[in-house]
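Down below is the structure, laid out as structure tokens.
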Number of protein chains: 4
Amino acid sequence: MSSTYGTKIKITIFGQSHSPAIGVTIDGLPAGFPIDFTELQSYMQRRMPGRTAHSTKRQEPDEPEFLSGLVDGLTCGAPLTAIIRNTDTRSSDYEQIKDIPRPSHADYTAYIKYGEKRDVRGGGSFSGRLTAPLCLAGGICLQILQRRGINIFAHIYQIADLHDKPFDPVLAGKDEMQILRTSDFPVLDADVGNKMKAAIEEVRQDGDSLGGIIECITTGIPAGIGDLLFDGLENRLSAVLFGIPAVKGIEFGNGFSAARLRGSENNDAFVIHNDEIRTSTNRHGGILGGITSGMPVLFRVAIKPTPSISKEQTSVSLSRKEEVRLVVTGRHDPCIVPRAVPCVEAAAAIAIYDALLDSAGYE
Amino acid sequence: MSSTYGTKIKITIFGQSHSPAIGVTIDGLPAGFPIDFTELQSYMQRRMPGRTAHSTKRQEPDEPEFLSGLVDGLTCGAPLTAIIRNTDTRSSDYEQIKDIPRPSHADYTAYIKYGEKRDVRGGGSFSGRLTAPLCLAGGICLQILQRRGINIFAHIYQIADLHDKPFDPVLAGKDEMQILRTSDFPVLDADVGNKMKAAIEEVRQDGDSLGGIIECITTGIPAGIGDLLFDGLENRLSAVLFGIPAVKGIEFGNGFSAARLRGSENNDAFVIHNDEIRTSTNRHGGILGGITSGMPVLFRVAIKPTPSISKEQTSVSLSRKEEVRLVVTGRHDPCIVPRAVPCVEAAAAIAIYDALLDSAGYE
Amino acid sequence: MSSTYGTKIKITIFGQSHSPAIGVTIDGLPAGFPIDFTELQSYMQRRMPGRTAHSTKRQEPDEPEFLSGLVDGLTCGAPLTAIIRNTDTRSSDYEQIKDIPRPSHADYTAYIKYGEKRDVRGGGSFSGRLTAPLCLAGGICLQILQRRGINIFAHIYQIADLHDKPFDPVLAGKDEMQILRTSDFPVLDADVGNKMKAAIEEVRQDGDSLGGIIECITTGIPAGIGDLLFDGLENRLSAVLFGIPAVKGIEFGNGFSAARLRGSENNDAFVIHNDEIRTSTNRHGGILGGITSGMPVLFRVAIKPTPSISKEQTSVSLSRKEEVRLVVTGRHDPCIVPRAVPCVEAAAAIAIYDALLDSAGYE
Amino acid sequence: MSSTYGTKIKITIFGQSHSPAIGVTIDGLPAGFPIDFTELQSYMQRRMPGRTAHSTKRQEPDEPEFLSGLVDGLTCGAPLTAIIRNTDTRSSDYEQIKDIPRPSHADYTAYIKYGEKRDVRGGGSFSGRLTAPLCLAGGICLQILQRRGINIFAHIYQIADLHDKPFDPVLAGKDEMQILRTSDFPVLDADVGNKMKAAIEEVRQDGDSLGGIIECITTGIPAGIGDLLFDGLENRLSAVLFGIPAVKGIEFGNGFSAARLRGSENNDAFVIHNDEIRTSTNRHGGILGGITSGMPVLFRVAIKPTPSISKEQTSVSLSRKEEVRLVVTGRHDPCIVPRAVPCVEAAAAIAIYDALLDSAGYE
């Protein structure tokens with residue numbers, strides 16, 4: 001425990017890869033908000049499998065059914081619950097996992113935690129499929145934030161040694177970023193994108209996989225969001241983002257590269273711009289002392305390579321307590337980074353919307 | 001808000017750099033634990049200023065007074081509160097901050113958040129001084145963990161371009177690590193340490209500062225600690241670690257470098273070793289699906305360069321809304337990385353002890 | 001907010017009277033527990049409308065569909081979500097509520113809180129129908145508690161001026177209490193029960209309603225459950241019980257009647273009984289200092305008369321801001337006390353199971 | 001655990017009866033609030049022992065020392081911590097409690113919970129002395145509420161069979177109530193007050209004690225405060241109020257007496273009064289569906305008779321596991337109801353202020 005996140009809005013995610021359904025409850029939404037269901041559907045579409053040649057072949061419509069929280073398509077103030085049925089569940093694919101944990105999956109730790117009675121089918125509740133309700137909740141939060149002029153964009157920053165053009169941490173050009181929303185391979189530099197696709201195709205044919213880095217920027221966020229110590233915006237964002245399977249690192253602004261810099265190279269001067277106080281650079285990633293400065297919030301997350309690979313690997317039989325050779329079968333993406341992009345946006349939307357509400361009404 | 005962390009133990013930190021005292025309340029400690037006060041004092045000593053040539057000259061004994069939670073030196077089950085008096089508070093040093101926020105400090109965001117009546121003296125509650133009660137609480141948690149065979153060590157992993165010898169993520173040799181506890185400059189390779197000191201001295205004379213990376217390892221932690229989704233151990237650790245001022249990034253196991261790797265290079269094979277299941281490598285940093293695998297928990301945090309530098313910088317006058325040139329005076333470390341090492345251990349001890357208690361089932 | 005309760009188990013309830021479904025997510029259940037679905041169904045049956053001549057005519061099967069958290073009928077450690085479809089929703093009955101709040105319902109306060117876009121149909125999320133998922137969650141917790149030898153029973157203690165035989169707070173005879181589980185009018189004294197039914201029938205014919213008091217006892221609970229100050233078992237039980245619509249008071253042990261007693265009349269002597277320490281009387285209701293003493297936990301809750309009555313009442317038109325005369329139509333119970341009995345047991349089961357898990361130490 | 005309460009403000013109470021100090025941390029206070037320390041001191045004075053002939057002889061100045069959260073007497077947005085030194089601690093009085101738990105005290109349950117190493121002196125952290133920091137925190141919240149036009153008053157409603165004049169639940173005459181603030185025996189009817197004092201004196205001479213009922217009213221509270229289900233204002237108030245030792249029951253509006261009423265006798269008609277919507281009566285105690293209606297919030301709490309009496313009682317020796325006869329010595333009030341009055345106001349102020357902040361910023 002716990003599958004619940006938040007202070008002012010509470011997001012509760014439930015379901016397993018092969019349970020009848022997965023879903024989410026969002027408590028704390030305002031009454032009267034008109035969710036754009038078409039936009040939400042196309043948002044969720046972005047993390048769906050089977051869209052491109054590069055992703056798993058599992059095909060599911062992923063159409064959410066809204067069970068509560070709405071009246072005539074508007075939020076009504078009551079907790080909103082939406083579910084997504086699991087239809088394409090070929091459970092037999094996963095029989096051997098019960099005894100032989102897949103390397104670098106949660107199979108083994110789930111076994112230790114929950115014992116024989118855990119749900120092994122498709123990774124159970126550790127499945128990446130649980131990011132569908134995360135995107136659903138985040139997509140709604142994002143729509144509310146957008147209404148307030150706050151926007152969140154993410155792109156593939158790096159795959160293998162290939163780097164996309166980074167976001168401009170100061171200007172954060174919106175026109176450029178809007179294309180990320182509709183792309184099935186969200187990069188700013190299409191040429192690099194093609195090289196990345198080729199690299200993914202190469203490992204796919206090799207039965208292997210690739211990781212990467214996703215960069216995320218939040219524009220239009222007012223200064224003053226976030227709180228002291230354990231409720232800083234960095235803490236809050238991390239608390240949601242590490243809920244995405246495969247995320248193994250997070251850094252804000254200059255992040256780890258600041259380790260190599262001097263203070264004079266890493267500090268951001270305060271300046272007056274259009275009669276407003278801002279910083280001339282944004283090495284701090286929009287957060288100082290856990291609180292937003294009014295500059296774009298900028299962070300990157302590290303995504304590990306898909307642990308499911310077709311190459312033979314060493315594992316153990318839990319029942320016989322001996323080493324065995326294992327070939328992981330079933331559907332899997334050679335690189336989940338493209339599909340993780342909307343998940344990162346969604347996680348950020350949830351943490352930021354919650355922090356925003358929590359910072360409101362401060363008298 | 002909030003200055004409180006935890007589920008099964010709750011840590012509440014209070015105080016400002018120049019308030020009468022700073023302190024911490026720890027709720028949820030077991031009754032009957034014999035705190036080793038000498039060990040605790042020397043633990044806290046490690047983050048104290050003024051110990052070496054490389055750190056700020058502010059001198060404070062930092063001796064905690066225990067107000068509650070103890071009977072005859074043993075915990076009694078009631079919340080333990082300890083305070084540390086602020087004695088050496090030269091408030092006049094900080095007068096100009098009230099109008100001119102220091103670049104890359106929390107001065108500006110605190111102004112936005114709390115307005116005119118915030119505590120500007122010494123950074124108020126955003127001061128690094130608040131890590132003293134963090135170390136106090138973490139030092140106690142660490143003693144309890146050690147009794148259970150769990151140990152936490154951190155060292156300076158990188159300063160500028162200088163890299164210490166990394167921890168062995170699998171063997172995690174304890175003898176070697178024990179020296180880190182008593183060192184005022186905790187590195188595994190003394191030669192690199194000397195180069196780092198020289199680099200710090202160089203920037204100090206230049207009126208500048210340096211950041212770095214701290215690596216932390218937890219040994220002896222049982223498999224099965226941590227929970228699904230938002231309560232994974234990575235989420236929990238981040239939620240405390242970003243409470244340390246200057247932390248701007250965190251990565252587990254291979255972390256960001258996994259972005260460059262293939263799955264076959266990043267996966268950890270399960271093997272049988274001394275009749276126990278473990279992994280042959282530890283690229284996952286001891287955590288899979290948010291839950292410990294029984295391997296050492298390994299992470300690194302990025303520390304930004306001290307924002308207080310003696311070089312002239314650009315900032316703004318809040319009252320006049322115009323740009324000004326600023327020279328930050330007062331005491332400050334050219335590199336806080338060495339003093340941050342015990343803070344990282346302390347934060348990890350708090351998160352891990354809480355997760356451990358939370359994972360203990362009645363069943 | 002919030003529709004979530006709990007520390008070690010988290011119960012999240014969602015839905016409105018006329019939304020597609022209502023339901024509950026239970027996070028923190030152990031893996032491998034074999035839910036007795038037949039027993040659960042008959043438990044939920046007890047709060048269902050339409051069972052007796054005395055309750056509303058609305059007929060719904062209330063059969064839960066389990067969406068997650070189970071594998072082959074056993075819990076698997078993942079959050080369990082179950083939903084109940086709303087089928088018999090004659091929304092037209094409730095049209096006038098939109099403008100004219102029913103006296104002593106939540107219609108007016110929901111209007112103030114959520115505005116025009118609230119769900120007015122059937123009381124929205126303030127409907128007593130939300131106690132169905134509460135009973136579902138509580139029924140599961142109760143099954144787990146029973147396995148550990150802890151049982152919870154409630155009965156109608158008082159309706160109008162008619163008093164059932166009270167529970168024996170010390171001996172708490174289980175044989176006698178078992179009949180409460182299967183009765184559609186749970187009283188210990190059948191004669192009094194018949195008089196209560198007659199009293200309810202009388203007000204029903206009069207277009208009026210009746211309130212009452214429910215008494216609840218927990219047997220077999222170990223000493224040591226509950227915590228200091230705000231997490232005492234009394235605090236925890238109240239926090240769930242006031243989640244049942246119509247509950248307006250709670251008292252433990254002697255409760256309000258202790259106001260009239262002297263200490264010598266209200267204290268409970270500690271005695272040795274069968275080599276165990278216990279108290280000879282149980283005026284403290286099994287809780288001292290917020291922590292269980294090992295004696296049965298005994299409390300009573302006050303249930304207000306059903307606010308929906310057929311008599312003409314005065315209310316206001318929200319749109320015209322003028323007083324109007326109102327006759328509440330639609331289905332309603334003249335006395336919800338009998339149906340509230342399993343809800344009280346369920347609420348107690350949730351609070352007690354959570355406290356029990358939270359009191360389990362790793363140490 | 002837990003000694004922390006709240007969502008938007010967090011109150012953490014610490015200390016034992018005989019620890020060096022007791023105290024409280026309040027997190028979430030606004031910056032810039034000018035605490036009236038004189039008023040706060042006289043507020044805290046009301047719960048102090050030794051003020052009248054009717055209370056314990058223990059004399060302590062109870063002057064709080066403020067350690068953090070203030071700058072020049074104004075709150076600064078950082079957590080406010082205040083402590084009260086325990087000076088008059090005659091620990092020897094309590095030696096025998098270690099082996100022989102006092103009937104109806106928390107001595108026995110503390111022993112079960114914390115074992116041999118619990119703090120037995122003066123009841124440890126279960127002591128009524130912990131209500132001093134509660135009053136401190138509540139007194140500050142009350143001052144903030146008063147600035148917003150919200151006021152909270154409590155009086156002795158009943159002692160033995162003597163009833164004070166009840167509050168007018170609709171008109172809630174402020175002039176009349178103001179005298180309660182300065183009285184050392186807060187009643188509305190001085191004659192009844194004198195009879196109560198005589199009754200207390202009588203039991204005192206008899207070595208016995210008395211309980212009572214306290215009534216509390218909150219005026220000026222806006223409609224719309226409180227939330228669905230488990231975060232209703234009744235749930236929130238109970239969660240704090242049962243943190244006061246000796247509270248064994250709570251009821252809102254008509255409370256338990258509603259059990260005897262018909263709906264037509266218990267419902268409150270909505271009417272237009274001075275162009276505002278309100279109810280003509282206030283049997284609902286100002287809360288419908290967990291949310292305030294704009295009418296005064298009215299509740300009563302039951303206080304059990306002081307368990308410390310001079311009469312000989314039966315208890316057990318924990319070490320010898322045999323029954324013994326016990327005479328409780330040391331200082332104790334024959335009736336703590338008068339001193340509990342400000343504690344009830346304080347608890348209400350904390351819960352209401354937190355709910356108010358939590359309801360703000362609702363968009």
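Chain labels A, B, ... are given in the sequence in which chains occur in the structure tokens; within each chain residues are numbered consecutively from 1, and ligands are likewise numbered from 1 in the order shown.
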With 9 Å as the limit and counting only C-alpha atoms, what residues in chain A lie close to chain C? Please list them as a PDB file with C-alpha atoms, in the first residue's frame.
ATOM      1  CA  MET A   1       0.000   0.000   0.000  1.00  0.00           C
ATOM      2  CA  SER A   2      -0.664   2.578  -1.284  1.00  0.00           C
ATOM      3  CA  SER A   3      -2.367   2.980  -4.588  1.00  0.00           C
ATOM      4  CA  THR A   4      -3.688   6.387  -3.561  1.00  0.00           C
ATOM      5  CA  LYS A   8      -6.454  17.911  -2.289  1.00  0.00           C
ATOM      6  CA  ILE A   9      -7.236  15.588  -5.126  1.00  0.00           C
ATOM      7  CA  LYS A  10      -6.875  11.904  -4.389  1.00  0.00           C
ATOM      8  CA  THR A  12      -6.747   5.811  -6.466  1.00  0.00           C
ATOM      9  CA  ILE A  13      -5.673   3.320  -9.123  1.00  0.00           C
ATOM     10  CA  PHE A  14      -6.790  -0.296  -9.190  1.00  0.00           C
ATOM     11  CA  GLY A  15      -6.650  -3.357 -11.382  1.00  0.00           C
ATOM     12  CA  GLN A  16      -4.297  -5.955 -12.715  1.00  0.00           C
ATOM     13  CA  HIS A  18      -5.660  -9.580 -16.505  1.00  0.00           C
ATOM     14  CA  SER A  19      -8.364  -8.708 -13.967  1.00  0.00           C
ATOM     15  CA  PRO A  20     -11.824  -7.977 -15.384  1.00  0.00           C
ATOM     16  CA  ALA A  21     -11.019  -4.264 -15.435  1.00  0.00           C
ATOM     17  CA  ILE A  22      -8.555  -1.603 -14.396  1.00  0.00           C
ATOM     18  CA  GLY A  23      -9.569   1.873 -13.344  1.00  0.00           C
ATOM     19  CA  THR A  25     -11.093   7.077  -8.796  1.00  0.00           C
ATOM     20  CA  ASP A  27     -11.681  12.500  -5.579  1.00  0.00           C
ATOM     21  CA  GLY A  28     -11.650  16.261  -5.243  1.00  0.00           C
ATOM     22  CA  LEU A  29     -12.492  17.402  -8.752  1.00  0.00           C
ATOM     23  CA  PRO A  30     -14.455  20.634  -8.914  1.00  0.00           C
ATOM     24  CA  ALA A  31     -18.119  20.464  -9.864  1.00  0.00           C
ATOM     25  CA  GLY A  32     -19.147  21.651 -13.303  1.00  0.00           C
ATOM     26  CA  PHE A  33     -16.002  20.953 -15.282  1.00  0.00           C
ATOM     27  CA  PHE A  66     -17.457   6.398 -16.447  1.00  0.00           C
ATOM     28  CA  LEU A  67     -19.232   4.972 -13.430  1.00  0.00           C
ATOM     29  CA  SER A  68     -19.597   8.012 -11.226  1.00  0.00           C
ATOM     30  CA  GLY A  69     -18.790  11.661 -10.746  1.00  0.00           C
ATOM     31  CA  LEU A  70     -20.564  12.972 -13.809  1.00  0.00           C
ATOM     32  CA  VAL A  71     -23.946  14.477 -14.570  1.00  0.00           C
ATOM     33  CA  LEU A  74     -19.939  17.517 -16.430  1.00  0.00           C
ATOM     34  CA  THR A  75     -18.174  16.730 -13.205  1.00  0.00           C
ATOM     35  CA  CYS A  76     -20.523  17.023 -10.233  1.00  0.00           C
ATOM     36  CA  GLY A  77     -18.118  17.226  -7.281  1.00  0.00           C
ATOM     37  CA  ALA A  78     -18.495  13.568  -6.299  1.00  0.00           C
ATOM     38  CA  PRO A  79     -15.584  11.149  -6.800  1.00  0.00           C
ATOM     39  CA  LEU A  80     -15.183  10.296 -10.480  1.00  0.00           C
ATOM     40  CA  THR A  81     -14.548   6.648 -11.236  1.00  0.00           C
ATOM     41  CA  ILE A  83     -12.871   1.766 -15.635  1.00  0.00           C
ATOM     42  CA  ARG A  85     -12.210  -3.480 -19.387  1.00  0.00           C
ATOM     43  CA  LYS A 113       5.579  -9.606  -0.980  1.00  0.00           C
ATOM     44  CA  TYR A 114       2.346 -11.437  -1.736  1.00  0.00           C
ATOM     45  CA  GLY A 115       3.387 -15.082  -1.886  1.00  0.00           C
ATOM     46  CA  GLU A 116       1.777 -17.863  -3.872  1.00  0.00           C
ATOM     47  CA  LYS A 117      -1.503 -16.041  -4.236  1.00  0.00           C
ATOM     48  CA  ARG A 118      -0.223 -13.017  -6.107  1.00  0.00           C
ATOM     49  CA  ASP A 119      -1.554 -12.321  -9.568  1.00  0.00           C
ATOM     50  CA  GLY A 124      -0.513  -8.392 -12.220  1.00  0.00           C
ATOM     51  CA  SER A 125      -0.779  -4.911 -10.723  1.00  0.00           C
TER      52      SER A 125
END
For this session: Run DSSP on the backbone of this structure and report the residues of stretch 225-280 of chain D it assigns to alpha helix (DSSP H), as a ChimeraX atom specification.
Result: /D:233-241,263-266
For the residues in the current selection, export N, CA and C atoms as a CSV table (one decimal), in the first residue's frame.
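selection.csv, written as the output of this step:
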chain,number,residue,atom,x,y,z
D,233,LEU,N,-17.8,17.2,8.7
D,233,LEU,CA,-17.4,18.0,9.8
D,233,LEU,C,-17.6,17.2,11.1
D,234,GLU,N,-18.6,16.4,11.1
D,234,GLU,CA,-18.8,15.6,12.4
D,234,GLU,C,-17.7,14.6,12.5
D,235,ASN,N,-17.2,14.0,11.5
D,235,ASN,CA,-16.1,13.1,11.5
D,235,ASN,C,-14.8,13.8,12.0
D,236,ARG,N,-14.6,15.0,11.4
D,236,ARG,CA,-13.4,15.7,11.7
D,236,ARG,C,-13.4,16.2,13.2
D,237,LEU,N,-14.6,16.7,13.7
D,237,LEU,CA,-14.6,17.2,15.0
D,237,LEU,C,-14.4,16.0,16.0
D,238,SER,N,-15.0,14.9,15.7
D,238,SER,CA,-14.9,13.7,16.6
D,238,SER,C,-13.4,13.3,16.7
D,239,ALA,N,-12.7,13.3,15.5
D,239,ALA,CA,-11.4,12.9,15.5
D,239,ALA,C,-10.4,13.7,16.4
D,240,VAL,N,-10.8,14.9,16.6
D,240,VAL,CA,-10.0,15.7,17.5
D,240,VAL,C,-10.5,15.6,19.0
D,241,LEU,N,-11.8,15.7,19.1
D,241,LEU,CA,-12.4,15.7,20.4
D,241,LEU,C,-12.2,14.5,21.3
D,263,GLY,N,-39.7,12.2,12.5
D,263,GLY,CA,-39.1,13.1,11.5
D,263,GLY,C,-39.8,14.5,11.5
D,264,SER,N,-41.0,14.5,11.7
D,264,SER,CA,-41.7,15.8,11.7
D,264,SER,C,-41.3,16.7,12.9
D,265,GLU,N,-40.8,16.0,13.9
D,265,GLU,CA,-40.4,16.8,15.1
D,265,GLU,C,-38.9,17.1,15.1
D,266,ASN,N,-38.2,16.4,14.2
D,266,ASN,CA,-36.7,16.6,14.1
D,266,ASN,C,-36.2,17.3,12.9
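For stretch 172-184 of chain A, the set of protein, DNA and RNA residues having any atom at most 10 Å away, when counting only C-alpha atoms and skipping those fewer than 5 positions along the same chain, is A:Ser42, A:Tyr43, A:Gln45, A:Arg46, A:Arg47, A:Met48, A:Arg51, A:Thr52, A:Asn151, A:Ile152, A:Phe153, A:Ala154, A:His155, A:Ile156, A:Pro166, A:Phe167, A:Ile217, A:Thr218, A:Thr219, A:Gly220, A:Met295, A:Pro296, A:Leu298, A:Pro338, A:Arg339, A:Val341, A:Pro342.
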Can I get the selection written as a tab-separated table (two decimals), in the first residue's frame, with C-alpha atoms?
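Result file out38.tsv:
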chain	number	residue	atom	x	y	z
A	42	SER	CA	-6.94	10.80	-28.07
A	43	TYR	CA	-4.69	11.58	-25.10
A	45	GLN	CA	-4.58	6.74	-27.35
A	46	ARG	CA	-1.01	7.99	-27.18
A	47	ARG	CA	0.04	5.42	-24.61
A	48	MET	CA	-1.87	2.61	-26.26
A	51	ARG	CA	-0.11	2.01	-32.66
A	52	THR	CA	3.20	1.76	-34.40
A	151	ASN	CA	0.35	23.31	-20.01
A	152	ILE	CA	2.54	20.24	-19.79
A	153	PHE	CA	4.55	18.77	-22.64
A	154	ALA	CA	6.98	15.86	-22.78
A	155	HIS	CA	9.15	14.45	-25.50
A	156	ILE	CA	11.70	11.73	-26.06
A	166	PRO	CA	16.01	19.85	-25.81
A	167	PHE	CA	13.19	22.11	-24.66
A	217	ILE	CA	8.16	20.96	-19.22
A	218	THR	CA	5.29	22.77	-17.52
A	219	THR	CA	4.51	26.24	-18.79
A	220	GLY	CA	2.29	28.91	-17.34
A	295	MET	CA	9.67	29.86	-14.66
A	296	PRO	CA	8.75	26.69	-16.56
A	298	LEU	CA	11.55	21.32	-16.22
A	338	PRO	CA	7.44	6.69	-26.80
A	339	ARG	CA	4.41	5.28	-24.99
A	341	VAL	CA	5.72	10.11	-22.80
A	342	PRO	CA	2.00	10.73	-22.14
Exercise. What is the Cα root-mean-square deviation, to one decimal place in Å, for chain C superposed on chain A with all Cα atoms matched in order?
Worked result: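 C-alpha RMSD after optimal superposition stands at 0.3 Å.
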Exercise. Closest to B:Leu356 among B:Val301, B:Ile291, B:Leu145, B:Ile225, using only C-alpha atoms?
Worked result: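 Nearest to B:Leu356: B:Ile225.
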